[in-house]
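Pasted below: run.cif, mmCIF, C-alpha atoms and all ligand atoms.
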data_work
loop_
_atom_site.label_atom_id
_atom_site.label_comp_id
_atom_site.auth_asym_id
_atom_site.auth_seq_id
_atom_site.Cartn_x
_atom_site.Cartn_y
_atom_site.Cartn_z
CA MET A 1 166.71 116.56 57.27
CA ASP A 2 166.99 113.51 55.06
CA THR A 3 164.74 113.93 52.02
CA THR A 4 165.38 110.57 50.42
CA PHE A 5 162.08 108.83 50.94
CA PRO A 6 160.88 105.21 50.76
CA PRO A 7 159.39 104.09 47.40
CA MET A 8 155.66 104.62 46.85
CA LYS A 9 153.26 101.71 47.29
CA ASN A 10 150.19 103.67 46.16
CA ASP A 11 150.61 106.60 43.77
CA LEU A 12 147.12 106.44 42.25
CA ILE A 13 146.25 110.06 43.03
CA LEU A 14 149.46 111.35 41.44
CA ARG A 15 148.80 109.39 38.30
CA VAL A 16 145.25 110.71 38.00
CA ALA A 17 146.45 114.27 38.67
CA CYS A 18 148.92 113.87 35.81
CA GLY A 19 146.15 112.74 33.45
CA GLU A 20 146.87 109.00 33.43
CA GLU A 21 144.20 106.32 33.26
CA THR A 22 143.96 104.20 36.42
CA ASP A 23 141.89 101.14 37.25
CA ARG A 24 140.52 102.67 40.46
CA THR A 25 139.35 106.17 41.47
CA PRO A 26 141.52 107.72 44.21
CA VAL A 27 139.80 109.38 47.16
CA TRP A 28 140.80 111.76 49.94
CA VAL A 29 138.71 114.18 51.99
CA MET A 30 139.23 117.87 52.63
CA ARG A 31 139.86 118.37 56.35
CA GLN A 32 140.23 114.60 56.77
CA ALA A 33 142.62 115.11 59.69
CA GLY A 34 141.07 116.94 62.56
CA ARG A 35 138.03 118.10 64.33
CA TYR A 36 135.47 115.28 63.60
CA LEU A 37 137.90 112.56 64.82
CA PRO A 38 137.80 111.65 68.54
CA GLU A 39 141.50 110.77 68.40
CA PHE A 40 142.24 114.35 67.25
CA GLN A 41 140.09 115.78 70.06
CA GLU A 42 142.15 113.75 72.54
CA VAL A 43 145.36 115.44 71.37
CA ARG A 44 143.57 118.80 71.19
CA LYS A 45 142.62 118.56 74.90
CA GLU A 46 146.29 118.73 75.74
CA TYR A 47 147.60 121.25 73.23
CA ASP A 48 146.61 124.54 71.70
CA PHE A 49 145.80 124.34 67.96
CA PHE A 50 148.83 126.29 66.71
CA THR A 51 151.13 124.44 69.14
CA ILE A 52 150.11 121.26 67.32
CA CYS A 53 150.84 122.90 63.96
CA ARG A 54 154.26 124.04 65.19
CA THR A 55 155.29 120.70 66.68
CA PRO A 56 156.30 118.37 63.82
CA GLY A 57 155.79 115.18 65.88
CA LEU A 58 152.21 116.17 66.75
CA ALA A 59 151.34 117.46 63.27
CA CYS A 60 152.67 114.19 61.82
CA LYS A 61 150.72 112.06 64.29
CA ILE A 62 147.44 113.82 63.42
CA THR A 63 148.13 113.67 59.68
CA LEU A 64 148.35 109.89 59.97
CA GLN A 65 145.25 109.42 62.17
CA PRO A 66 142.64 109.22 59.38
CA LEU A 67 144.83 106.77 57.43
CA ASP A 68 144.63 104.32 60.28
CA ARG A 69 140.83 104.38 60.12
CA PHE A 70 140.10 104.69 56.41
CA ASP A 71 141.37 103.38 53.11
CA LEU A 72 142.44 106.81 51.83
CA ASP A 73 144.65 107.43 48.79
CA ALA A 74 146.42 110.52 50.14
CA ALA A 75 147.43 112.23 53.37
CA ILE A 76 147.26 116.03 53.81
CA ILE A 77 149.74 117.65 56.14
CA PHE A 78 148.12 118.91 59.33
CA SER A 79 148.39 122.70 59.39
CA ASP A 80 146.15 125.67 58.58
CA ILE A 81 145.92 128.28 55.87
CA LEU A 82 146.37 131.00 58.51
CA VAL A 83 150.02 130.21 59.17
CA ILE A 84 150.88 132.69 56.37
CA PRO A 85 149.17 135.66 58.08
CA GLN A 86 151.09 134.64 61.20
CA ALA A 87 154.34 134.52 59.23
CA VAL A 88 153.83 138.10 58.02
CA GLY A 89 153.44 139.25 61.61
CA MET A 90 149.74 138.99 62.47
CA GLU A 91 148.48 137.34 65.62
CA VAL A 92 145.89 134.58 65.10
CA GLN A 93 144.18 132.76 67.94
CA MET A 94 142.03 129.64 67.63
CA VAL A 95 139.08 130.37 69.88
CA PRO A 96 137.10 127.24 70.82
CA GLY A 97 133.56 127.40 69.44
CA LYS A 98 134.38 130.47 67.34
CA GLY A 99 137.27 129.49 65.09
CA PRO A 100 140.22 131.62 64.00
CA THR A 101 140.31 135.13 65.42
CA PHE A 102 142.69 138.03 64.70
CA PRO A 103 142.86 140.40 67.70
CA SER A 104 144.19 143.21 65.43
CA PRO A 105 142.85 142.80 61.89
CA LEU A 106 143.88 145.19 59.09
CA LYS A 107 141.64 148.28 59.34
CA ASN A 108 142.94 150.49 56.53
CA PRO A 109 145.79 150.51 53.99
CA ASP A 110 148.13 152.20 56.49
CA ASP A 111 148.12 148.95 58.44
CA LEU A 112 149.92 147.23 55.56
CA LYS A 113 153.11 148.90 56.81
CA LYS A 114 152.93 146.73 59.93
CA LEU A 115 153.27 143.53 57.90
CA THR A 116 156.64 141.91 57.25
CA PHE A 117 157.25 141.39 53.54
CA PRO A 118 159.22 139.61 52.19
CA VAL A 119 159.10 136.64 54.53
CA ASP A 120 161.96 134.27 55.21
CA VAL A 121 159.83 131.13 54.92
CA ASN A 122 162.54 128.84 56.24
CA LYS A 123 162.67 130.86 59.42
CA GLU A 124 158.94 131.54 59.86
CA LEU A 125 157.42 128.37 58.41
CA GLY A 126 160.28 125.88 58.69
CA TYR A 127 158.19 123.95 61.22
CA VAL A 128 155.77 123.00 58.42
CA PHE A 129 158.65 121.79 56.25
CA GLU A 130 159.95 119.68 59.13
CA ALA A 131 156.50 118.19 59.70
CA ILE A 132 156.26 117.32 56.00
CA THR A 133 159.66 115.60 55.90
CA LEU A 134 158.92 113.65 59.08
CA THR A 135 155.49 112.62 57.78
CA ARG A 136 156.91 111.44 54.42
CA HIS A 137 159.28 109.15 56.34
CA ARG A 138 156.54 107.85 58.65
CA LEU A 139 154.16 107.29 55.74
CA ASN A 140 156.76 104.91 54.39
CA GLY A 141 155.33 105.15 50.86
CA ARG A 142 151.76 104.18 51.87
CA VAL A 143 150.15 107.11 50.02
CA PRO A 144 151.32 110.49 48.67
CA LEU A 145 151.45 113.53 50.95
CA ILE A 146 149.54 116.70 49.98
CA GLY A 147 150.86 120.15 50.90
CA PHE A 148 148.65 123.24 50.75
CA CYS A 149 148.21 126.94 51.26
CA GLY A 150 145.37 129.46 51.31
CA ALA A 151 145.02 131.56 48.16
CA PRO A 152 145.80 135.29 48.41
CA TRP A 153 142.21 136.60 48.35
CA THR A 154 141.09 134.11 51.01
CA LEU A 155 144.03 135.09 53.24
CA MET A 156 143.47 138.81 52.63
CA SER A 157 139.82 138.46 53.60
CA TYR A 158 140.70 136.79 56.92
CA MET A 159 143.35 139.44 57.62
CA ILE A 160 140.77 142.22 57.18
CA GLU A 161 137.66 140.55 58.64
CA GLY A 162 139.60 139.20 61.61
CA GLY A 163 137.78 135.85 61.41
CA GLY A 164 134.91 134.17 59.59
CA SER A 165 132.23 136.42 58.07
CA PRO A 166 129.07 135.60 56.10
CA THR A 167 129.41 138.63 53.78
CA LEU A 168 133.13 139.56 53.79
CA SER A 169 131.87 143.14 53.52
CA LYS A 170 134.93 144.66 55.18
CA ALA A 171 137.38 142.81 52.95
CA LYS A 172 135.28 143.41 49.82
CA SER A 173 135.12 147.10 50.62
CA TRP A 174 138.93 147.22 50.20
CA LEU A 175 138.57 145.82 46.67
CA TYR A 176 136.20 148.67 45.74
CA ARG A 177 137.71 151.51 47.80
CA TYR A 178 141.40 150.69 47.71
CA PRO A 179 142.02 148.54 44.62
CA GLU A 180 145.69 149.45 44.39
CA ASN A 181 146.44 148.62 48.00
CA SER A 182 144.45 145.43 47.58
CA HIS A 183 146.61 144.42 44.62
CA GLN A 184 149.72 145.32 46.62
CA LEU A 185 148.65 142.98 49.44
CA LEU A 186 147.53 140.20 47.08
CA LYS A 187 150.83 140.39 45.20
CA ALA A 188 152.87 140.21 48.40
CA LEU A 189 150.83 137.22 49.62
CA THR A 190 151.33 135.56 46.22
CA GLU A 191 155.09 135.88 46.58
CA VAL A 192 155.10 134.35 50.08
CA SER A 193 152.84 131.55 48.86
CA VAL A 194 155.22 130.62 46.04
CA ASP A 195 158.18 130.49 48.45
CA TYR A 196 156.11 128.55 50.96
CA LEU A 197 154.87 125.95 48.46
CA GLU A 198 158.37 125.60 47.03
CA GLY A 199 159.64 124.83 50.55
CA GLN A 200 156.86 122.26 51.01
CA VAL A 201 157.81 120.44 47.81
CA LYS A 202 161.50 120.47 48.71
CA ALA A 203 160.55 119.04 52.12
CA GLY A 204 158.63 116.19 50.47
CA ALA A 205 155.09 117.30 49.50
CA GLN A 206 154.05 115.37 46.37
CA LEU A 207 150.86 117.19 45.38
CA LEU A 208 149.71 120.71 46.30
CA GLN A 209 146.28 122.20 46.82
CA VAL A 210 145.56 125.93 46.81
CA PHE A 211 142.40 126.74 48.81
CA GLU A 212 140.47 129.76 47.50
CA SER A 213 137.71 129.14 50.02
CA HIS A 214 136.23 132.62 49.76
CA ALA A 215 135.90 132.85 45.98
CA GLY A 216 132.13 132.46 46.12
CA LEU A 217 131.41 135.90 47.57
CA LEU A 218 133.02 137.69 44.64
CA GLY A 219 131.24 138.53 41.41
CA PRO A 220 132.79 137.36 38.14
CA GLU A 221 134.54 140.68 37.52
CA SER A 222 136.13 140.86 40.97
CA PHE A 223 137.10 137.21 40.68
CA SER A 224 138.84 137.88 37.35
CA LYS A 225 140.67 140.89 38.78
CA PHE A 226 141.53 139.86 42.33
CA CYS A 227 141.72 136.06 42.30
CA LEU A 228 142.50 134.61 38.93
CA PRO A 229 145.79 136.42 38.10
CA TYR A 230 147.26 135.52 41.49
CA LEU A 231 146.14 131.89 41.31
CA GLU A 232 147.78 131.70 37.89
CA GLN A 233 150.97 133.33 39.11
CA ILE A 234 151.27 130.92 42.05
CA CYS A 235 151.00 127.90 39.77
CA LYS A 236 153.16 129.14 36.92
CA SER A 237 155.98 130.66 39.02
CA LEU A 238 156.17 127.58 41.17
CA LYS A 239 156.29 125.15 38.26
CA GLN A 240 158.93 127.28 36.59
CA ARG A 241 161.05 127.45 39.72
CA LEU A 242 160.82 123.74 40.43
CA GLY A 243 161.46 122.64 36.83
CA ASP A 244 161.64 118.85 36.64
CA LYS A 245 160.95 118.66 40.41
CA ALA A 246 157.50 120.25 39.93
CA VAL A 247 154.53 118.35 41.40
CA PRO A 248 150.88 118.33 40.26
CA MET A 249 148.68 121.12 41.61
CA ILE A 250 144.99 121.32 42.53
CA ILE A 251 143.00 124.54 42.59
CA PHE A 252 139.88 124.54 44.75
CA ALA A 253 137.96 127.81 44.44
CA LYS A 254 134.79 127.28 46.45
CA GLY A 255 131.72 128.90 44.92
CA ALA A 256 133.47 129.88 41.70
CA ASN A 257 131.10 127.92 39.48
CA SER A 258 130.56 130.78 37.05
CA CYS A 259 134.34 130.97 36.50
CA LEU A 260 135.17 127.25 36.29
CA HIS A 261 136.12 127.44 32.60
CA GLN A 262 138.75 130.06 33.49
CA LEU A 263 140.22 127.89 36.25
CA ALA A 264 140.93 125.12 33.76
CA ASN A 265 143.32 127.33 31.79
CA ILE A 266 145.75 128.73 34.33
CA GLY A 267 148.16 125.84 34.69
CA TYR A 268 146.65 123.65 37.42
CA ASP A 269 146.44 119.91 36.82
CA VAL A 270 143.25 119.39 38.83
CA VAL A 271 140.23 121.64 39.39
CA GLY A 272 138.25 121.02 42.57
CA VAL A 273 134.51 121.64 42.46
CA ASP A 274 132.05 122.17 45.28
CA TRP A 275 128.72 120.38 45.58
CA THR A 276 126.58 123.18 44.17
CA ILE A 277 127.28 122.16 40.59
CA ASP A 278 126.34 118.91 38.86
CA PRO A 279 129.47 116.91 38.00
CA ASP A 280 128.42 116.56 34.36
CA LYS A 281 127.92 120.32 34.07
CA ALA A 282 131.34 120.95 35.68
CA ARG A 283 132.95 118.56 33.21
CA SER A 284 131.31 120.20 30.22
CA LEU A 285 132.35 123.69 31.40
CA ILE A 286 135.92 122.64 32.14
CA GLY A 287 136.55 120.24 29.27
CA ASP A 288 138.82 117.20 29.33
CA SER A 289 142.20 118.85 29.73
CA VAL A 290 142.39 118.55 33.53
CA ALA A 291 141.29 116.09 36.20
CA LEU A 292 138.37 117.08 38.44
CA GLN A 293 138.10 116.73 42.19
CA GLY A 294 134.91 116.59 44.24
CA ASN A 295 132.13 116.93 45.05
CA LEU A 296 129.75 115.17 47.45
CA ASP A 297 127.78 117.60 49.63
CA PRO A 298 129.47 117.38 53.08
CA CYS A 299 125.95 117.28 54.59
CA GLN A 300 125.19 114.11 52.61
CA LEU A 301 127.25 112.35 55.31
CA TYR A 302 124.45 113.04 57.80
CA ALA A 303 122.20 110.72 55.77
CA ARG A 304 121.56 107.01 56.34
CA LYS A 305 124.44 104.80 55.29
CA ASP A 306 122.69 103.29 52.25
CA ASP A 307 121.75 106.77 51.04
CA ILE A 308 125.38 107.89 51.34
CA ALA A 309 126.49 104.94 49.20
CA ARG A 310 123.79 105.65 46.63
CA ALA A 311 124.67 109.36 46.41
CA THR A 312 128.36 108.50 46.03
CA ARG A 313 127.63 106.15 43.12
CA THR A 314 125.44 108.78 41.45
CA MET A 315 128.20 111.36 41.85
CA MET A 316 130.72 109.02 40.22
CA ASP A 317 128.38 108.16 37.36
CA LYS A 318 127.90 111.85 36.67
CA PHE A 319 131.62 112.60 36.66
CA GLY A 320 132.21 109.70 34.29
CA ARG A 321 135.12 107.29 34.26
CA GLY A 322 138.66 108.61 34.57
CA LYS A 323 140.24 111.95 35.42
CA LEU A 324 138.50 112.01 38.81
CA ILE A 325 139.78 112.42 42.36
CA ALA A 326 136.79 111.69 44.58
CA ASN A 327 136.34 114.07 47.51
CA LEU A 328 133.66 116.02 49.31
CA GLY A 329 132.64 119.37 47.85
CA HIS A 330 134.14 121.12 50.91
CA GLY A 331 135.77 120.13 54.18
CA ILE A 332 134.09 117.52 56.38
CA TYR A 333 132.00 119.07 59.16
CA PRO A 334 133.01 118.58 62.81
CA ASP A 335 129.85 116.72 63.87
CA VAL A 336 129.95 114.02 61.19
CA ASN A 337 130.08 110.41 62.34
CA PRO A 338 133.42 108.99 61.11
CA ASP A 339 131.68 105.69 60.24
CA HIS A 340 129.62 107.60 57.69
CA LEU A 341 132.77 108.93 56.09
CA LYS A 342 133.98 105.34 55.79
CA ILE A 343 130.92 104.51 53.67
CA PHE A 344 131.83 107.29 51.23
CA ILE A 345 135.46 106.16 50.94
CA ASP A 346 134.68 102.46 50.62
CA THR A 347 131.95 103.10 48.06
CA VAL A 348 134.36 105.08 45.86
CA HIS A 349 136.75 102.16 45.90
CA SER A 350 134.26 99.36 45.36
CA TYR A 351 132.20 101.19 42.75
CA SER A 352 135.15 102.39 40.69
CA GLN A 353 136.37 98.82 40.36
CA HIS A 354 133.03 97.23 39.48
C1 LIG A 401 143.72 121.82 55.12
C2 LIG A 401 143.40 122.31 56.51
C3 LIG A 401 142.82 123.57 56.82
N1 LIG A 401 142.66 123.65 58.18
C4 LIG A 401 143.10 122.48 58.76
C5 LIG A 401 143.63 121.66 57.73
C6 LIG A 401 144.35 120.33 57.95
C7 LIG A 401 143.43 119.20 58.18
C8 LIG A 401 143.03 118.44 56.98
O1 LIG A 401 142.65 119.01 55.95
O2 LIG A 401 143.07 117.21 57.03
C9 LIG A 401 143.09 122.14 60.19
C10 LIG A 401 142.17 122.87 61.11
N2 LIG A 401 141.90 124.20 61.11
C11 LIG A 401 141.05 124.50 62.15
C12 LIG A 401 140.77 123.31 62.88
C13 LIG A 401 139.95 123.19 64.15
C14 LIG A 401 140.71 123.86 65.21
C15 LIG A 401 140.44 123.38 66.60
O3 LIG A 401 140.74 122.22 66.92
O4 LIG A 401 140.01 124.22 67.42
C16 LIG A 401 141.48 122.29 62.23
C17 LIG A 401 141.55 120.84 62.64
C18 LIG A 401 140.56 125.83 62.49
C19 LIG A 401 140.03 126.62 61.35
N3 LIG A 401 140.79 127.19 60.38
C20 LIG A 401 139.97 127.80 59.47
C21 LIG A 401 138.65 127.58 59.87
C22 LIG A 401 137.41 128.04 59.11
C23 LIG A 401 136.79 129.21 59.79
C24 LIG A 401 135.64 129.75 59.03
O5 LIG A 401 134.71 128.98 58.77
O6 LIG A 401 135.72 130.92 58.70
C25 LIG A 401 138.66 126.88 61.07
C26 LIG A 401 137.50 126.48 61.93
C27 LIG A 401 140.46 128.48 58.26
C28 LIG A 401 140.75 127.49 57.22
N4 LIG A 401 141.65 126.45 57.33
C29 LIG A 401 141.67 125.73 56.16
C30 LIG A 401 140.80 126.37 55.25
C31 LIG A 401 140.61 125.96 53.81
C32 LIG A 401 139.64 124.85 53.71
C33 LIG A 401 138.20 125.21 53.90
O7 LIG A 401 137.72 126.05 53.13
O8 LIG A 401 137.60 124.64 54.80
C34 LIG A 401 140.19 127.44 55.91
C35 LIG A 401 139.17 128.42 55.35
C36 LIG A 401 142.51 124.57 55.80
#
Show me, as structure tokens, the structure contained in the file I just sent.
Amino acid sequence: MDTTFPPMKNDLILRVACGEETDRTPVWVMRQAGRYLPEFQEVRKEYDFFTICRTPGLACKITLQPLDRFDLDAAIIFSDILVIPQAVGMEVQMVPGKGPTFPSPLKNPDDLKKLTFPVDVNKELGYVFEAITLTRHRLNGRVPLIGFCGAPWTLMSYMIEGGGSPTLSKAKSWLYRYPENSHQLLKALTEVSVDYLEGQVKAGAQLLQVFESHAGLLGPESFSKFCLPYLEQICKSLKQRLGDKAVPMIIFAKGANSCLHQLANIGYDVVGVDWTIDPDKARSLIGDSVALQGNLDPCQLYARKDDIARATRTMMDKFGRGKLIANLGHGIYPDVNPDHLKIFIDTVHSYSQH
């Protein structure tokens, strides 16, 4: 595939991620492509979720959908964090109304033998690389394209729980009962993730986000042992491998407020924060060395439009000028009115230029 791409017309988010001053705050929204958009639901009626992920033309079409509605400063490739568990040999189904489901989750350390490590990412995940290259061409330089993966602990917890869980008690029990096997699995997932992200950058991804969505259920000690070293390894190995082709990286560890200061020192260019921490507190914990991303409460979008605009301005005031990528504090919920999202996006733009 041809990876010579059209010149960029808007590279605001890349400049902020690299620490530059800009005259406007860039904005994108976690889970901006997908379930809350009627145009996504139309496509979804016809195709199974993972068929969409595996069909570059469809994944590209859905990636572009929110850009046609909103004045966003980035696109994020349509895919899911669970494509890595699939690539190592696990079956994952997307059950309507229930979410991702693993018919045969990992039950005990013996099950690790069933997984395929190492993974040939070109063979197993080449469809994502193709979707990225196609989307870069179709974007035609409008905005940068974000690639992503799930962080090792978050993937491990899905592989053991077999789906969503409010406590993650099965997965956490591995950390306490089988720490060595847990490290073995986390290390293997780290290695796949580095290969996978490298492939995404070579295919055309210009910024990467690592989603540690399940950080918040771990105490500080478990986080330091089972998350932090792997998050650091992903970032540092990848940057080393890519050399002067390296792209900026965002770490979003949801619920890791007590460990934010640690996240600022492991090589990432941007630290994402959820809505449970005040922006000014996040900034004082993290310091000025990295850009921040966040953090409007996704439920704020259920409010009246003028309240959404007011809350967005307050959020921006509290983050302060510069070194900010505006976003929600977690992915947009499926039942949000897209017109309410537009208020958030437009307010970021108008207010950052006032
Ligand atoms: C970045 C991304 C993800 N999923 C999807 C995208 C691409 C869309 C985008 O961001 O614009 C599509 C994406 N992924 C899914 C959907 C809905 C599927 C459908 O149409 O049935 C879409 C559009 C399915 C999915 N996949 C997942 C869930 C969450 C389940 C739970 O709460 O435990 C769900 C519901 C796992 C998942 N997937 C993802 C995360 C990390 C972000 C987060 O914390 O929200 C997680 C935890 C990441």
### Task
Could you pull out the residues sitting within 7 Å of ligand LIG 401 (chain A), using all atoms listed in the file, and write them as a ChimeraX atom specification?
/A:30-35,44,49,63,76-82,94-96,99-100,148,150,163-165,211,213,330-331
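Closest approach to Met90 of chain A from the set A:Pro38, A:Gly162, A:Pro118, A:Pro109 is made by A:Gly162, with distances taken over only C-alpha atoms.
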### Task
Please identify all polymer residues lying at most 8 Å from the point (141.7, 107.6, 46.7) (file coordinates), using all atoms listed in the file, and present the result as number ranges by chain.
A: 12-13, 25-28, 71-74, 325-326, 345, 348-349
### Message
Show me, as a count of residues only, the residues that have an atom within 9 Å of Ala87 of chain A when counting only C-alpha atoms, minus same-chain residues fewer than 6 positions from it.
### Response
6
Write out as a tab-separated table (two decimals) with C-alpha atoms, in the frame of the given file which residues come within 6 Å of Gly216 of chain A when counting all atoms listed in the file, dropping same-chain ones fewer than 2 positions away.
chain	number	residue	atom	x	y	z
A	214	HIS	CA	136.23	132.62	49.76
A	218	LEU	CA	133.02	137.69	44.64
A	254	LYS	CA	134.79	127.28	46.45
A	255	GLY	CA	131.72	128.90	44.92
A	256	ALA	CA	133.47	129.88	41.70
### Test item: residues at most 10 Å from Tyr196 of chain A, all atoms listed in the file, excluding those fewer than 2 positions along its chain, as a PyMOL selection string
chain A and resi 84+119-122+124-126+128-129+147-149+190-194+198-202+238
### Task
Could you tell me how far atom CA of Gly322 of chain A lies from atom CA of Arg283 of chain A, in Å and to one decimal?
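Taking atom CA of Gly322 of chain A and atom CA of Arg283 of chain A, their separation equals 11.6 Å.
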### Summary
From the list A:Tyr127, A:Phe226, A:Tyr178, A:Phe5, the nearest residue to Phe50 of chain A using all atoms listed in the file is A:Tyr127
#### Entry: Interatomic distance (Å, one decimal) between atom CA of Val16 of chain A and atom CA of Leu134 of chain A
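That distance, rounded to one decimal, is 25.3 Å.
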### Task
Go through A:Arg24, A:Lys45, A:Lys281, A:Lys187 and flag the residue nearest Tyr351 of chain A, using all atoms listed in the file for the distances.
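So, comparing all the options, the nearest one is A:Arg24.
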#### Entry: One-decimal distance in Å that lies between atom CA of Asn140 of chain A and atom CA of Ile343 of chain A
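These atoms are spaced 25.9 Å apart.
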### Task
List the residues sitting within 10 Å of (161.5, 109.5, 59.3) in the file's frame, using all atoms listed in the file, as a list of chain:residue names.
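Residues satisfying the cut-off, written out: A:Met1, A:Asp2, A:Thr3, A:Thr4, A:Phe5, A:Pro6, A:Ile132, A:Thr133, A:Leu134, A:Thr135, A:Arg136, A:His137, A:Arg138, A:Leu139, A:Asn140.
Neighbours of segment 297-305 of chain A closer than or equal to 8 Å, with only C-alpha atoms counted and sequence neighbours fewer than 2 positions away skipped, come out as Asp274, Trp275, Thr276, Asn295, Asp307, Ile308, Ala309, Ala311, Leu328, Gly329, His330, Gly331, Ile332, Tyr333, Val336, Asn337, His340, Leu341, Ile343 and Phe344 of chain A.
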### Shortest interatomic distance to Val143 of chain A - which of A:Glu130, A:Asp68, A:Asp288, A:Glu212, counting only C-alpha atoms
A:Asp68
Could you list, as an mmCIF file with C-alpha atoms, keeping the file's coordinate frame, every residue within 9 Å of Arg142 of chain A, counting all atoms listed in the file and ignoring same-chain residues fewer than 6 positions away?
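After the write, around_19.cif holds the following:
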data_model
loop_
_atom_site.group_PDB
_atom_site.id
_atom_site.type_symbol
_atom_site.label_atom_id
_atom_site.label_comp_id
_atom_site.auth_asym_id
_atom_site.auth_seq_id
_atom_site.Cartn_x
_atom_site.Cartn_y
_atom_site.Cartn_z
ATOM 1 C CA PRO A 7 159.390 104.090 47.400
ATOM 2 C CA MET A 8 155.660 104.620 46.850
ATOM 3 C CA LYS A 9 153.260 101.710 47.290
ATOM 4 C CA ASN A 10 150.190 103.670 46.160
ATOM 5 C CA ASP A 11 150.610 106.600 43.770
ATOM 6 C CA ASP A 73 144.650 107.430 48.790
ATOM 7 C CA ALA A 74 146.420 110.520 50.140
#
Where's the centre, and what are the edge lengths in Å to one decimal, of a box along x, y and z enclosing all listed atoms of segment 18-32 of chain A padded 6 Å per side, as lines of an AutoDock Vina configuration file?
center_x = 143.8
center_y = 109.8
center_z = 45.0
size_x = 22.2
size_y = 29.2
size_z = 35.5
### Message
Calculated over all atoms listed in the file, which of the candidates A:Arg313, A:Lys245, A:His354, A:Lys239 has the smallest distance to Gly204 of chain A?
### Response
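That would be A:Lys245, the residue with the smallest distance to Gly204 of chain A.
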### Message
Here is a test: counting all atoms listed in the file, which residue of A:Phe70, A:Trp153, A:Tyr230, A:Tyr268 is nearest to Lys342 of chain A?
### Response
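Ranked by minimum distance to Lys342 of chain A, first place goes to A:Phe70.
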Some atoms are missing, so please complete segment 18-32 of chain A with N, CA and C atoms and return it as a compact mmCIF listing (two decimals), in the coordinates of the input.
# COMPACT_ATOMS: atom_id res chain seq x y z
N CYS A 18 148.10 113.64 37.00
CA CYS A 18 148.92 113.87 35.81
C CYS A 18 148.21 113.43 34.53
N GLY A 19 146.94 113.04 34.65
CA GLY A 19 146.15 112.74 33.45
C GLY A 19 146.19 111.29 33.01
N GLU A 20 146.81 110.42 33.83
CA GLU A 20 146.87 109.00 33.43
C GLU A 20 145.57 108.28 33.73
N GLU A 21 145.33 107.21 32.99
CA GLU A 21 144.20 106.32 33.26
C GLU A 21 144.59 105.41 34.44
N THR A 22 143.66 105.14 35.34
CA THR A 22 143.96 104.20 36.42
C THR A 22 142.79 103.22 36.52
N ASP A 23 143.01 102.08 37.19
CA ASP A 23 141.89 101.14 37.25
C ASP A 23 141.04 101.33 38.51
N ARG A 24 141.32 102.39 39.27
CA ARG A 24 140.52 102.67 40.46
C ARG A 24 140.53 104.18 40.67
N THR A 25 139.43 104.73 41.21
CA THR A 25 139.35 106.17 41.47
C THR A 25 139.97 106.47 42.83
N PRO A 26 140.95 107.37 42.90
CA PRO A 26 141.52 107.72 44.21
C PRO A 26 140.56 108.62 45.00
N VAL A 27 140.67 108.56 46.31
CA VAL A 27 139.80 109.38 47.16
C VAL A 27 140.59 109.91 48.36
N TRP A 28 140.38 111.18 48.66
CA TRP A 28 140.80 111.76 49.94
C TRP A 28 139.71 112.75 50.32
N VAL A 29 139.81 113.36 51.49
CA VAL A 29 138.71 114.18 51.99
C VAL A 29 139.27 115.47 52.58
N MET A 30 138.76 116.60 52.07
CA MET A 30 139.23 117.87 52.63
C MET A 30 138.92 117.92 54.12
N ARG A 31 139.89 118.34 54.89
CA ARG A 31 139.86 118.37 56.35
C ARG A 31 139.73 116.97 56.96
N GLN A 32 140.34 115.99 56.28
CA GLN A 32 140.23 114.60 56.77
C GLN A 32 140.92 114.39 58.11
